[in-house]
$ cat data_0.tsv   # TSV, C-alpha atoms and all ligand atoms
chain	number	residue	atom	x	y	z
L	1	MET	CA	-2.38	-0.33	-27.54
L	2	ASN	CA	-5.41	0.33	-25.40
L	3	SER	CA	-4.39	3.69	-24.12
L	4	GLY	CA	-6.33	6.21	-22.12
L	5	ASP	CA	-6.98	9.82	-22.93
L	6	ALA	CA	-3.55	11.21	-22.14
L	7	ALA	CA	-4.66	14.83	-22.36
L	8	GLY	CA	-7.58	14.13	-20.07
L	9	ILE	CA	-5.39	12.39	-17.53
L	10	GLY	CA	-2.83	15.19	-17.57
L	11	SER	CA	-5.43	17.86	-16.97
L	12	ALA	CA	-7.02	15.72	-14.26
L	13	VAL	CA	-3.69	15.62	-12.41
L	14	ARG	CA	-3.29	19.36	-12.71
L	15	THR	CA	-6.78	20.03	-11.40
L	16	GLY	CA	-6.35	17.62	-8.51
L	17	ILE	CA	-8.82	15.05	-9.81
L	18	ARG	CA	-7.77	11.42	-9.54
L	19	ARG	CA	-6.37	9.93	-12.74
L	20	ARG	CA	-9.08	8.02	-14.56
L	21	SER	CA	-8.16	4.35	-14.63
L	22	ARG	CA	-10.28	1.43	-15.66
L	23	ARG	CA	-11.47	-0.77	-12.86
L	24	VAL	CA	-10.59	-4.42	-12.29
L	25	MET	CA	-11.90	-6.67	-9.56
L	26	VAL	CA	-9.52	-8.66	-7.39
L	27	GLY	CA	-12.00	-10.99	-5.72
L	28	GLY	CA	-14.31	-8.58	-3.91
L	29	VAL	CA	-11.78	-5.72	-3.90
L	30	PRO	CA	-11.98	-3.22	-6.76
L	31	ILE	CA	-8.76	-1.66	-8.07
L	32	GLY	CA	-8.99	1.48	-10.18
L	33	GLY	CA	-11.85	3.69	-11.24
L	34	ASP	CA	-13.10	5.50	-8.18
L	35	ALA	CA	-12.36	2.62	-5.81
L	36	PRO	CA	-10.49	3.47	-2.61
L	37	VAL	CA	-6.72	2.92	-2.86
L	38	SER	CA	-6.13	-0.56	-1.45
L	39	VAL	CA	-3.13	-1.67	0.60
L	40	GLN	CA	-1.31	-4.89	-0.11
L	41	SER	CA	1.45	-6.94	1.39
L	42	MET	CA	3.23	-10.17	0.59
L	43	THR	CA	3.73	-13.18	2.85
L	44	LYS	CA	7.28	-13.93	3.94
L	45	THR	CA	6.76	-17.54	4.97
L	46	LYS	CA	7.53	-20.59	2.86
L	47	THR	CA	4.21	-20.93	1.02
L	48	GLY	CA	4.38	-24.72	1.42
L	49	ASP	CA	4.11	-24.19	5.19
L	50	ILE	CA	0.35	-23.77	5.18
L	51	GLU	CA	-0.05	-23.09	8.92
L	52	ALA	CA	2.61	-20.39	9.02
L	53	THR	CA	1.34	-18.76	5.82
L	54	VAL	CA	-2.29	-18.72	6.93
L	55	ALA	CA	-1.28	-17.33	10.34
L	56	GLN	CA	0.64	-14.52	8.67
L	57	VAL	CA	-2.25	-13.66	6.35
L	58	LEU	CA	-4.68	-13.58	9.29
L	59	ALA	CA	-2.35	-11.20	11.16
L	60	LEU	CA	-2.23	-9.01	8.05
L	61	GLU	CA	-6.02	-9.05	7.76
L	62	GLU	CA	-6.21	-7.88	11.36
L	63	ALA	CA	-3.82	-5.02	10.51
L	64	GLY	CA	-6.08	-3.91	7.63
L	65	CYS	CA	-4.45	-5.58	4.62
L	66	ASP	CA	-6.84	-5.54	1.64
L	67	ILE	CA	-5.06	-7.95	-0.73
L	68	ILE	CA	-2.29	-10.48	-0.05
L	69	ARG	CA	0.32	-11.71	-2.52
L	70	ILE	CA	1.85	-15.13	-2.04
L	71	THR	CA	4.80	-16.54	-3.92
L	72	VAL	CA	4.22	-19.70	-5.93
L	73	ASN	CA	7.80	-20.61	-6.57
L	74	ASP	CA	7.78	-24.40	-6.32
L	75	ARG	CA	5.53	-27.44	-6.37
L	76	GLU	CA	4.95	-27.38	-2.58
L	77	ALA	CA	3.78	-23.78	-2.85
L	78	ALA	CA	1.42	-24.58	-5.74
L	79	ASP	CA	0.03	-27.59	-3.83
L	80	ALA	CA	-0.50	-25.51	-0.67
L	81	LEU	CA	-2.46	-22.72	-2.39
L	82	PRO	CA	-5.97	-24.28	-2.37
L	83	ALA	CA	-5.86	-24.76	1.43
L	84	ILE	CA	-4.47	-21.26	1.99
L	85	VAL	CA	-7.08	-19.60	-0.26
L	86	ARG	CA	-9.84	-21.50	1.59
L	87	ARG	CA	-8.69	-20.39	5.03
L	88	VAL	CA	-8.08	-16.68	4.53
L	89	HIS	CA	-10.63	-13.91	4.04
L	90	ILE	CA	-8.91	-11.47	1.68
L	91	PRO	CA	-8.14	-11.94	-2.03
L	92	VAL	CA	-4.96	-13.88	-2.75
L	93	VAL	CA	-2.59	-12.91	-5.56
L	94	ALA	CA	-0.27	-15.63	-6.86
L	95	ASP	CA	3.21	-14.32	-7.56
L	96	ILE	CA	4.68	-16.35	-10.40
L	97	HIS	CA	7.79	-16.05	-12.49
L	98	PHE	CA	8.04	-17.90	-15.80
L	99	ASN	CA	6.15	-21.11	-14.91
L	100	HIS	CA	2.82	-21.29	-16.72
L	101	VAL	CA	1.90	-24.58	-15.01
L	102	PHE	CA	2.06	-22.86	-11.61
L	103	ALA	CA	-0.11	-20.06	-13.01
L	104	LEU	CA	-2.73	-22.56	-14.15
L	105	LYS	CA	-2.61	-24.37	-10.79
L	106	ALA	CA	-2.97	-21.06	-8.94
L	107	LEU	CA	-6.02	-20.16	-11.02
L	108	GLU	CA	-7.53	-23.57	-10.27
L	109	ALA	CA	-6.81	-22.98	-6.57
L	110	GLY	CA	-9.07	-19.91	-6.69
L	111	VAL	CA	-6.61	-17.03	-6.49
L	112	SER	CA	-8.05	-13.61	-7.32
L	113	LYS	CA	-5.14	-12.20	-9.32
L	114	VAL	CA	-1.94	-13.51	-10.85
L	115	ARG	CA	1.24	-11.49	-10.98
L	116	ILE	CA	3.00	-12.79	-14.06
L	117	ASN	CA	4.63	-11.24	-17.11
L	118	PRO	CA	3.18	-13.00	-20.16
L	119	GLY	CA	6.30	-12.36	-22.23
L	120	ASN	CA	8.25	-14.57	-19.82
L	121	ILE	CA	5.95	-17.59	-20.00
L	122	GLY	CA	7.33	-19.01	-23.25
L	123	SER	CA	5.31	-20.10	-26.29
L	124	ARG	CA	2.17	-18.34	-27.49
L	125	ASP	CA	0.18	-21.48	-26.69
L	126	ARG	CA	1.22	-21.27	-23.06
L	127	ILE	CA	0.42	-17.56	-22.87
L	128	HIS	CA	-2.96	-18.20	-24.45
L	129	GLU	CA	-3.71	-21.02	-22.02
L	130	VAL	CA	-2.98	-18.86	-18.98
L	131	LEU	CA	-4.90	-15.81	-20.26
L	132	ARG	CA	-7.88	-17.98	-21.24
L	133	ALA	CA	-7.97	-19.59	-17.78
L	134	ALA	CA	-7.72	-16.15	-16.14
L	135	ARG	CA	-10.49	-14.72	-18.32
L	136	GLU	CA	-12.79	-17.69	-17.66
L	137	ARG	CA	-12.49	-17.01	-13.94
L	138	GLY	CA	-12.63	-13.20	-14.17
L	139	VAL	CA	-9.12	-13.01	-12.69
L	140	PRO	CA	-6.90	-10.02	-13.59
L	141	ILE	CA	-3.18	-10.19	-14.29
L	142	ARG	CA	-0.62	-7.81	-12.81
L	143	ILE	CA	2.21	-7.04	-15.14
L	144	GLY	CA	5.10	-6.11	-12.89
L	145	VAL	CA	8.35	-4.84	-14.30
L	146	ASN	CA	11.33	-3.90	-12.27
L	147	SER	CA	14.36	-1.78	-13.09
L	148	GLY	CA	16.62	-4.61	-11.85
L	149	SER	CA	15.34	-7.19	-14.32
L	150	LEU	CA	14.70	-5.38	-17.59
L	151	GLU	CA	15.01	-7.33	-20.84
L	152	GLU	CA	18.50	-7.20	-22.34
L	153	ASP	CA	17.45	-5.66	-25.65
L	154	ILE	CA	15.57	-2.86	-23.86
L	155	LEU	CA	18.53	-2.21	-21.57
L	156	GLU	CA	20.89	-2.14	-24.53
L	157	ARG	CA	18.72	0.37	-26.37
L	158	HIS	CA	18.35	2.69	-23.39
L	159	GLY	CA	21.85	2.13	-21.96
L	160	TYR	CA	20.59	1.81	-18.37
L	161	PRO	CA	17.20	1.53	-16.63
L	162	THR	CA	15.22	4.65	-17.50
L	163	ALA	CA	11.56	5.53	-17.08
L	164	GLU	CA	11.06	4.99	-20.83
L	165	ALA	CA	12.76	1.59	-20.56
L	166	LEU	CA	10.45	0.54	-17.71
L	167	TYR	CA	7.44	1.79	-19.67
L	168	GLU	CA	8.55	-0.05	-22.80
L	169	SER	CA	9.09	-3.29	-20.88
L	170	ALA	CA	5.64	-3.08	-19.24
L	171	MET	CA	3.94	-2.30	-22.55
L	172	ARG	CA	5.62	-5.27	-24.23
L	173	HIS	CA	3.71	-7.55	-21.83
L	174	VAL	CA	0.55	-5.47	-22.01
L	175	GLU	CA	0.52	-5.70	-25.81
L	176	ILE	CA	0.83	-9.48	-25.65
L	177	CYS	CA	-2.27	-9.57	-23.43
L	178	GLU	CA	-4.13	-7.17	-25.71
L	179	GLU	CA	-3.30	-9.33	-28.76
L	180	PHE	CA	-5.22	-12.10	-27.01
L	181	GLY	CA	-8.05	-9.69	-26.21
L	182	PHE	CA	-7.17	-9.67	-22.51
L	183	SER	CA	-7.34	-6.28	-20.82
L	184	ASP	CA	-8.02	-7.09	-17.17
L	185	ILE	CA	-4.59	-5.75	-16.32
L	186	VAL	CA	-2.89	-3.92	-13.47
L	187	ILE	CA	0.58	-2.49	-14.10
L	188	SER	CA	3.56	-1.85	-11.85
L	189	VAL	CA	6.90	-0.31	-12.85
L	190	LYS	CA	8.96	-0.55	-9.70
L	191	SER	CA	12.50	0.44	-8.90
L	192	THR	CA	14.64	0.87	-5.82
L	193	ASP	CA	15.42	4.32	-7.24
L	194	VAL	CA	12.58	6.53	-6.02
L	195	ARG	CA	12.93	9.21	-8.69
L	196	LEU	CA	13.04	6.60	-11.43
L	197	MET	CA	9.91	4.82	-10.23
L	198	ILE	CA	8.05	8.14	-9.92
L	199	ASP	CA	8.98	9.07	-13.50
L	200	ALA	CA	8.11	5.62	-14.84
L	201	TYR	CA	4.69	5.53	-13.16
L	202	ARG	CA	3.97	9.04	-14.48
L	203	LEU	CA	4.68	7.86	-18.01
L	204	VAL	CA	2.37	4.86	-17.68
L	205	ALA	CA	-0.28	7.07	-16.07
L	206	GLU	CA	-0.13	9.57	-18.94
L	207	ARG	CA	-0.18	7.01	-21.71
L	208	THR	CA	-2.58	4.30	-20.55
L	209	ASP	CA	-5.70	3.97	-18.46
L	210	TYR	CA	-4.73	0.73	-16.75
L	211	PRO	CA	-4.87	0.76	-12.95
L	212	LEU	CA	-1.49	1.10	-11.25
L	213	HIS	CA	0.02	-0.89	-8.39
L	214	LEU	CA	2.55	1.46	-6.75
L	215	GLY	CA	5.68	0.41	-4.95
L	216	VAL	CA	9.35	1.11	-4.38
L	217	THR	CA	10.94	-2.28	-4.75
L	218	GLU	CA	13.40	-3.65	-2.17
L	219	ALA	CA	12.90	-0.40	-0.31
L	220	GLY	CA	15.06	-1.56	2.58
L	221	THR	CA	15.00	-1.71	6.33
L	222	THR	CA	12.07	-0.24	8.22
L	223	ARG	CA	13.51	3.26	8.59
L	224	VAL	CA	14.88	3.66	5.07
L	225	GLY	CA	12.07	1.71	3.41
L	226	THR	CA	9.40	3.74	5.16
L	227	VAL	CA	10.92	7.01	3.98
L	228	LYS	CA	11.53	5.79	0.41
L	229	SER	CA	8.01	4.40	0.15
L	230	ALA	CA	6.43	7.49	1.64
L	231	VAL	CA	8.30	9.70	-0.82
L	232	GLY	CA	7.79	7.52	-3.92
L	233	ILE	CA	4.27	6.27	-3.34
L	234	GLY	CA	3.27	9.52	-1.62
L	235	ALA	CA	4.45	11.75	-4.49
L	236	LEU	CA	2.40	9.75	-6.99
L	237	LEU	CA	-0.69	9.54	-4.81
L	238	ALA	CA	-0.46	13.28	-4.17
L	239	ASP	CA	-0.64	13.67	-7.97
L	240	ARG	CA	-3.77	11.46	-7.89
L	241	ILE	CA	-1.89	8.59	-9.58
L	242	GLY	CA	-2.16	5.04	-8.22
L	243	ASP	CA	-4.87	2.58	-7.35
L	244	THR	CA	-3.25	0.07	-4.98
L	245	ILE	CA	-0.01	0.22	-3.01
L	246	ARG	CA	2.56	-2.08	-1.48
L	247	VAL	CA	5.25	-0.89	0.89
L	248	SER	CA	8.17	-3.36	0.94
L	249	LEU	CA	10.19	-3.53	4.13
L	250	THR	CA	12.78	-5.97	5.42
L	251	ASP	CA	10.55	-6.54	8.42
L	252	ASP	CA	7.31	-8.12	9.61
L	253	PRO	CA	4.75	-7.60	6.79
L	254	VAL	CA	2.31	-6.14	9.34
L	255	LYS	CA	4.68	-3.13	9.44
L	256	GLU	CA	4.21	-2.79	5.67
L	257	ILE	CA	0.47	-2.44	6.17
L	258	GLU	CA	0.89	0.03	9.03
L	259	VAL	CA	3.17	2.22	6.89
L	260	GLY	CA	0.96	1.86	3.81
L	261	LYS	CA	-2.14	2.89	5.76
L	262	GLU	CA	-0.27	5.82	7.27
L	263	ILE	CA	0.73	7.03	3.79
L	264	LEU	CA	-2.91	6.91	2.72
L	265	ARG	CA	-4.06	8.67	5.89
L	266	SER	CA	-1.51	11.43	5.46
L	267	LEU	CA	-3.14	12.24	2.12
L	268	GLY	CA	-6.68	11.85	3.36
L	269	LEU	CA	-7.12	8.67	1.30
L	270	ALA	CA	-8.05	6.38	4.19
L	271	THR	CA	-10.25	6.62	7.21
L	272	ARG	CA	-8.18	7.95	10.02
L	273	ASN	CA	-7.33	6.01	13.11
L	274	VAL	CA	-6.59	8.10	16.15
L	275	GLU	CA	-4.12	10.72	14.94
L	276	LEU	CA	-1.49	11.73	17.48
L	277	ILE	CA	-0.07	15.20	17.06
L	278	THR	CA	2.91	15.65	19.33
L	279	CYS	CA	5.56	18.30	19.60
L	280	PRO	CA	9.20	17.37	18.97
L	281	THR	CA	10.05	18.77	22.45
L	282	CYS	CA	12.74	21.32	23.21
L	283	GLY	CA	14.40	22.94	26.18
L	284	ARG	CA	11.05	24.32	27.35
L	285	LEU	CA	9.67	20.82	27.99
L	286	GLU	CA	8.15	20.41	31.46
L	287	VAL	CA	7.04	16.73	31.49
L	288	ASP	CA	8.27	13.31	30.30
L	289	LEU	CA	6.61	13.68	26.91
L	290	PHE	CA	8.45	10.76	25.29
L	291	SER	CA	6.91	8.29	27.77
L	292	ILE	CA	3.47	9.88	27.56
L	293	THR	CA	3.34	9.76	23.75
L	294	ARG	CA	4.80	6.24	23.63
L	295	GLU	CA	2.13	4.96	26.01
L	296	LEU	CA	-0.63	6.77	24.11
L	297	GLU	CA	0.57	5.45	20.76
L	298	GLU	CA	0.61	1.95	22.21
L	299	ALA	CA	-2.90	2.30	23.63
L	300	LEU	CA	-4.59	4.28	20.84
L	301	GLY	CA	-2.52	3.81	17.67
L	302	HIS	CA	-4.68	1.00	16.29
L	303	LEU	CA	-8.05	2.37	17.38
L	304	LYS	CA	-10.19	2.85	14.28
L	305	LYS	CA	-11.76	6.11	15.37
L	306	PRO	CA	-11.05	9.42	13.61
L	307	VAL	CA	-9.98	11.46	16.62
L	308	LYS	CA	-7.22	14.06	16.51
L	309	VAL	CA	-5.24	14.08	19.75
L	310	ALA	CA	-2.60	16.77	20.38
L	311	ILE	CA	-0.07	16.50	23.19
L	312	LEU	CA	2.23	19.50	23.58
L	313	GLY	CA	5.12	19.84	25.95
L	314	CYS	CA	4.81	23.38	27.35
L	315	ALA	CA	2.68	26.46	27.72
L	316	VAL	CA	4.24	28.35	24.80
L	317	ASN	CA	2.70	26.63	21.78
L	318	GLY	CA	0.75	24.08	23.78
L	319	PRO	CA	-2.62	25.75	24.46
L	320	GLY	CA	-3.14	26.92	20.88
L	321	GLU	CA	-2.39	23.54	19.33
L	322	ALA	CA	-4.25	21.60	22.04
L	323	ARG	CA	-7.38	23.71	21.39
L	324	GLU	CA	-7.27	22.90	17.66
L	325	ALA	CA	-7.47	19.14	18.25
L	326	ASP	CA	-10.46	17.01	19.25
L	327	ILE	CA	-8.69	16.11	22.48
L	328	GLY	CA	-5.66	18.11	23.54
L	329	VAL	CA	-3.23	18.46	26.40
L	330	ALA	CA	-0.97	21.45	26.98
L	331	CYS	CA	1.57	20.42	29.56
L	332	GLY	CA	3.10	22.59	32.26
L	333	LYS	CA	5.43	21.71	35.12
L	334	GLY	CA	4.20	18.24	36.23
L	335	VAL	CA	0.64	18.92	35.00
L	336	GLY	CA	-1.45	19.05	31.84
L	337	ILE	CA	-4.47	21.13	30.88
L	338	LEU	CA	-6.95	18.83	29.17
L	339	TYR	CA	-9.06	20.19	26.29
L	340	ARG	CA	-11.99	18.80	24.34
L	341	LYS	CA	-12.89	20.61	21.13
L	342	GLY	CA	-11.15	23.77	22.27
L	343	GLU	CA	-12.78	23.86	25.72
L	344	VAL	CA	-10.73	23.39	28.88
L	345	LEU	CA	-12.00	20.28	30.70
L	346	ARG	CA	-9.68	20.13	33.71
L	347	ARG	CA	-6.13	20.05	35.06
L	348	VAL	CA	-4.55	16.61	35.41
L	349	LYS	CA	-1.35	15.53	37.12
L	350	GLU	CA	1.46	14.37	34.83
L	351	GLU	CA	1.05	10.72	35.89
L	352	GLU	CA	-2.67	10.87	35.02
L	353	ILE	CA	-2.34	12.43	31.55
L	354	VAL	CA	-2.26	9.08	29.70
L	355	SER	CA	-5.33	7.62	31.42
L	356	ALA	CA	-7.25	10.91	31.14
L	357	VAL	CA	-6.60	11.17	27.40
L	358	ILE	CA	-7.55	7.52	26.81
L	359	GLU	CA	-10.79	8.05	28.73
L	360	GLU	CA	-11.66	11.16	26.70
L	361	VAL	CA	-10.84	9.47	23.37
L	362	MET	CA	-13.08	6.53	24.24
L	363	LYS	CA	-15.96	8.88	25.10
L	364	PHE	CA	-15.42	11.14	22.09
L	365	GLN	CA	-18.09	11.07	19.40
L	366	PRO	CA	-16.57	12.07	16.04
L	367	GLU	CA	-18.77	14.15	13.76
L	368	THR	CA	-20.18	12.04	10.94
N	1	LIG	FE1	9.13	23.08	22.86
N	1	LIG	FE2	6.81	23.69	23.93
N	1	LIG	FE3	7.04	23.60	21.26
N	1	LIG	FE4	7.07	21.35	22.66
N	1	LIG	S1	5.36	22.79	22.50
N	1	LIG	S2	8.51	21.94	21.08
N	1	LIG	S3	8.13	21.96	24.51
N	1	LIG	S4	8.04	25.05	22.66
$ encode --input "data_0.tsv" --output "C-alpha cells" --more "lines below"
Ligand code: SF4
Amino acid sequence: MNSGDAAGIGSAVRTGIRRRSRRVMVGGVPIGGDAPVSVQSMTKTKTGDIEATVAQVLALEEAGCDIIRITVNDREAADALPAIVRRVHIPVVADIHFNHVFALKALEAGVSKVRINPGNIGSRDRIHEVLRAARERGVPIRIGVNSGSLEEDILERHGYPTAEALYESAMRHVEICEEFGFSDIVISVKSTDVRLMIDAYRLVAERTDYPLHLGVTEAGTTRVGTVKSAVGIGALLADRIGDTIRVSLTDDPVKEIEVGKEILRSLGLATRNVELITCPTCGRLEVDLFSITRELEEALGHLKKPVKVAILGCAVNGPGEAREADIGVACGKGVGILYRKGEVLRRVKEEEIVSAVIEEVMKFQPET
C-alpha cells in the first residue's frame, strides 16, 4: 500500500495545516497538494442527448463548476461523449460502473478522469487494459465506494457499513491499481450517513496520501441535502481534509455548485462573492427587511467581488454591525443609515435602500 505519513498528517490536522495529499491533474485542474479545493457537479440529463447535456454543462461552468462528471451508462452515452467533451470548457469525468469497454471509449473521447472501481471491471486483463489506457493519457481514476453498495464479504465481516468497511472496500480497489503500478488515484468513501462518511474519510486521510473527493451521497432535497453536505463536507474541510467536493441535491445541478461554493467560502477556501450579513429580524424591526434582503441577494448574490454587506433591522444592534462591514445599513423607522467602512455616508428612505446599497457595492474597491 502506498500510504502517506500518518503521523505527519495527524499532526498537520491538529496544527491547522492542510492534510498533505499527492496531486493529480484532471485536465487543467489540479486536485490535491496545495491546489485550491475544486467544486464538482454531475449532469442530470440523458448523456445521449448531446444538446441538453452540453447546455447543462455550460450553465454549470457559468455558475463556477470546476469539473463535471457525466454518466456513461449505455452505448448512446459513450457515443455522445466525444462531441460533449469537444464543446465544453471544463474537464469531464466519465462515471462508469462495471463496463470496461465504456471506460476505454471514454478515454478515447478525451475525458480527463474516469470514476470506476477496478475491482468491478472483471478479469485482470480488462483492468490492465483500462489502467494502461488511462496512464498513456495521463488520466487519473477516482475510486468511489459507497456505504450502500459495499462488497458482500466486507459487509459480512463488519456486520453493517462502518468506516473501517468503507476504508477496506476503497483500499481493495486502490491495491489493484497499485499492483499495476498505477497511482494517479482520487478516493471517495461516501455515505448518506453524515457521521459515517466523516469517520470513513478521516480513516483514509490518516492512512493514505491520496487526494480525497468529499461528498455525502444521495444527500436529499435542497434543504436537507444542503445541511447534510455542509455538515459532512464542512467538518472535514474544517479539519483540513479534502481536495475536491461534490454536493448532491435532488435539484438543478447549478444549486449544487452554489451550495458547494458557499461551503468553501464559509471556511475561507474560496474567493468571496458579495457576502450578505443580515439580521434574523425580531419585534424591533422597523422596515420590510425580508424584501430588502431578497432583492439584494438577487442583485448581488452572484457578483464576484469580495464585499461584506451588512443589513440590520433596527437601531439596537444595527449601527455596530453596519460599521463593521464594507457597506452597511442600520435601519430605523422607514429609513436606513448607510455606512461605508465604518463611516456614515447618508440617510436613505426605505424604498431607496436597495438601490443605494447596489450603487455603493459597485463603486467599492476591495483591498487587494
Ligand atoms: Fe432585532 Fe434589531 Fe437585532 Fe434585527 S438588528 S434582530 S431587528 S434587534
$ residues_near_ligand --input "data_0.tsv" --ligand "ligand LIG 1 (chain N)" --cutoff "9 Å" --atoms "all atoms listed in the file" --output "PDB file with C-alpha atoms, keeping the file's coordinate frame"
ATOM      1  CA  THR L 278       2.910  15.650  19.330  1.00  0.00           C
ATOM      2  CA  CYS L 279       5.560  18.300  19.600  1.00  0.00           C
ATOM      3  CA  PRO L 280       9.200  17.370  18.970  1.00  0.00           C
ATOM      4  CA  THR L 281      10.050  18.770  22.450  1.00  0.00           C
ATOM      5  CA  CYS L 282      12.740  21.320  23.210  1.00  0.00           C
ATOM      6  CA  GLY L 283      14.400  22.940  26.180  1.00  0.00           C
ATOM      7  CA  ARG L 284      11.050  24.320  27.350  1.00  0.00           C
ATOM      8  CA  LEU L 285       9.670  20.820  27.990  1.00  0.00           C
ATOM      9  CA  GLU L 286       8.150  20.410  31.460  1.00  0.00           C
ATOM     10  CA  VAL L 287       7.040  16.730  31.490  1.00  0.00           C
ATOM     11  CA  LEU L 289       6.610  13.680  26.910  1.00  0.00           C
ATOM     12  CA  ILE L 311      -0.070  16.500  23.190  1.00  0.00           C
ATOM     13  CA  LEU L 312       2.230  19.500  23.580  1.00  0.00           C
ATOM     14  CA  GLY L 313       5.120  19.840  25.950  1.00  0.00           C
ATOM     15  CA  CYS L 314       4.810  23.380  27.350  1.00  0.00           C
ATOM     16  CA  ALA L 315       2.680  26.460  27.720  1.00  0.00           C
ATOM     17  CA  VAL L 316       4.240  28.350  24.800  1.00  0.00           C
ATOM     18  CA  ASN L 317       2.700  26.630  21.780  1.00  0.00           C
ATOM     19  CA  GLY L 318       0.750  24.080  23.780  1.00  0.00           C
ATOM     20  CA  PRO L 319      -2.620  25.750  24.460  1.00  0.00           C
ATOM     21  CA  GLU L 321      -2.390  23.540  19.330  1.00  0.00           C
ATOM     22  CA  ALA L 330      -0.970  21.450  26.980  1.00  0.00           C
ATOM     23  CA  CYS L 331       1.570  20.420  29.560  1.00  0.00           C
TER      24      CYS L 331
END
$ atom_distance --input "data_0.tsv" --atom1 "atom CA of Met42 of chain L" --atom2 "atom CA of Glu129 of chain L"
26.0 Å
$ closest_residue --input "data_0.tsv" --among "L:Glu256, L:Gly220, L:Ala63, L:Pro161" --to "His302 of chain L" --atoms "only C-alpha atoms"
L:Ala63
$ atom_distance --input "data_0.tsv" --atom1 "atom CA of Lys363 of chain L" --atom2 "atom CA of Val335 of chain L"
21.8 Å
$ closest_residue --input "data_0.tsv" --among "L:Val309, L:Gly181, L:Ile84, L:Gly148" --to "Arg132 of chain L" --atoms "all atoms listed in the file"
L:Gly181
$ decode --input "data_0.tsv" --residues "segment 59-72 of chain L" --atoms "N, CA, C and O atoms" --output "PDB file, in the first residue's frame"
ATOM      1  N   ALA L  59     -24.139  25.853 -18.341  1.00  0.00           N
ATOM      2  CA  ALA L  59     -24.766  26.573 -17.214  1.00  0.00           C
ATOM      3  C   ALA L  59     -23.954  26.353 -15.941  1.00  0.00           C
ATOM      4  O   ALA L  59     -23.774  27.277 -15.131  1.00  0.00           O
ATOM      5  N   LEU L  60     -23.433  25.149 -15.774  1.00  0.00           N
ATOM      6  CA  LEU L  60     -22.619  24.847 -14.585  1.00  0.00           C
ATOM      7  C   LEU L  60     -21.289  25.606 -14.627  1.00  0.00           C
ATOM      8  O   LEU L  60     -20.803  26.088 -13.609  1.00  0.00           O
ATOM      9  N   GLU L  61     -20.715  25.707 -15.821  1.00  0.00           N
ATOM     10  CA  GLU L  61     -19.471  26.489 -15.959  1.00  0.00           C
ATOM     11  C   GLU L  61     -19.719  27.921 -15.511  1.00  0.00           C
ATOM     12  O   GLU L  61     -18.935  28.508 -14.757  1.00  0.00           O
ATOM     13  N   GLU L  62     -20.825  28.470 -15.984  1.00  0.00           N
ATOM     14  CA  GLU L  62     -21.203  29.847 -15.645  1.00  0.00           C
ATOM     15  C   GLU L  62     -21.336  30.017 -14.126  1.00  0.00           C
ATOM     16  O   GLU L  62     -20.975  31.047 -13.563  1.00  0.00           O
ATOM     17  N   ALA L  63     -21.827  28.968 -13.461  1.00  0.00           N
ATOM     18  CA  ALA L  63     -22.026  29.032 -12.006  1.00  0.00           C
ATOM     19  C   ALA L  63     -20.720  28.827 -11.229  1.00  0.00           C
ATOM     20  O   ALA L  63     -20.691  28.965 -10.016  1.00  0.00           O
ATOM     21  N   GLY L  64     -19.642  28.434 -11.953  1.00  0.00           N
ATOM     22  CA  GLY L  64     -18.348  28.283 -11.275  1.00  0.00           C
ATOM     23  C   GLY L  64     -17.924  26.843 -11.049  1.00  0.00           C
ATOM     24  O   GLY L  64     -17.012  26.578 -10.259  1.00  0.00           O
ATOM     25  N   CYS L  65     -18.564  25.913 -11.762  1.00  0.00           N
ATOM     26  CA  CYS L  65     -18.199  24.495 -11.626  1.00  0.00           C
ATOM     27  C   CYS L  65     -16.786  24.269 -12.204  1.00  0.00           C
ATOM     28  O   CYS L  65     -16.477  24.757 -13.279  1.00  0.00           O
ATOM     29  N   ASP L  66     -15.950  23.562 -11.455  1.00  0.00           N
ATOM     30  CA  ASP L  66     -14.565  23.337 -11.903  1.00  0.00           C
ATOM     31  C   ASP L  66     -14.422  22.061 -12.727  1.00  0.00           C
ATOM     32  O   ASP L  66     -13.582  21.978 -13.616  1.00  0.00           O
ATOM     33  N   ILE L  67     -15.181  21.036 -12.367  1.00  0.00           N
ATOM     34  CA  ILE L  67     -15.053  19.714 -13.004  1.00  0.00           C
ATOM     35  C   ILE L  67     -16.465  19.137 -13.122  1.00  0.00           C
ATOM     36  O   ILE L  67     -17.253  19.239 -12.180  1.00  0.00           O
ATOM     37  N   ILE L  68     -16.778  18.515 -14.270  1.00  0.00           N
ATOM     38  CA  ILE L  68     -18.123  17.956 -14.420  1.00  0.00           C
ATOM     39  C   ILE L  68     -18.058  16.435 -14.652  1.00  0.00           C
ATOM     40  O   ILE L  68     -17.252  15.959 -15.437  1.00  0.00           O
ATOM     41  N   ARG L  69     -18.904  15.728 -13.938  1.00  0.00           N
ATOM     42  CA  ARG L  69     -18.976  14.264 -14.116  1.00  0.00           C
ATOM     43  C   ARG L  69     -20.213  13.941 -14.944  1.00  0.00           C
ATOM     44  O   ARG L  69     -21.272  14.533 -14.743  1.00  0.00           O
ATOM     45  N   ILE L  70     -20.040  13.009 -15.843  1.00  0.00           N
ATOM     46  CA  ILE L  70     -21.130  12.644 -16.760  1.00  0.00           C
ATOM     47  C   ILE L  70     -21.252  11.128 -16.761  1.00  0.00           C
ATOM     48  O   ILE L  70     -20.254  10.417 -16.911  1.00  0.00           O
ATOM     49  N   THR L  71     -22.474  10.633 -16.621  1.00  0.00           N
ATOM     50  CA  THR L  71     -22.630   9.184 -16.606  1.00  0.00           C
ATOM     51  C   THR L  71     -22.451   8.598 -18.014  1.00  0.00           C
ATOM     52  O   THR L  71     -22.900   9.181 -18.998  1.00  0.00           O
ATOM     53  N   VAL L  72     -21.749   7.476 -18.046  1.00  0.00           N
ATOM     54  CA  VAL L  72     -21.610   6.743 -19.315  1.00  0.00           C
ATOM     55  C   VAL L  72     -22.206   5.371 -19.031  1.00  0.00           C
ATOM     56  O   VAL L  72     -21.526   4.432 -18.659  1.00  0.00           O
TER      57      VAL L  72
END
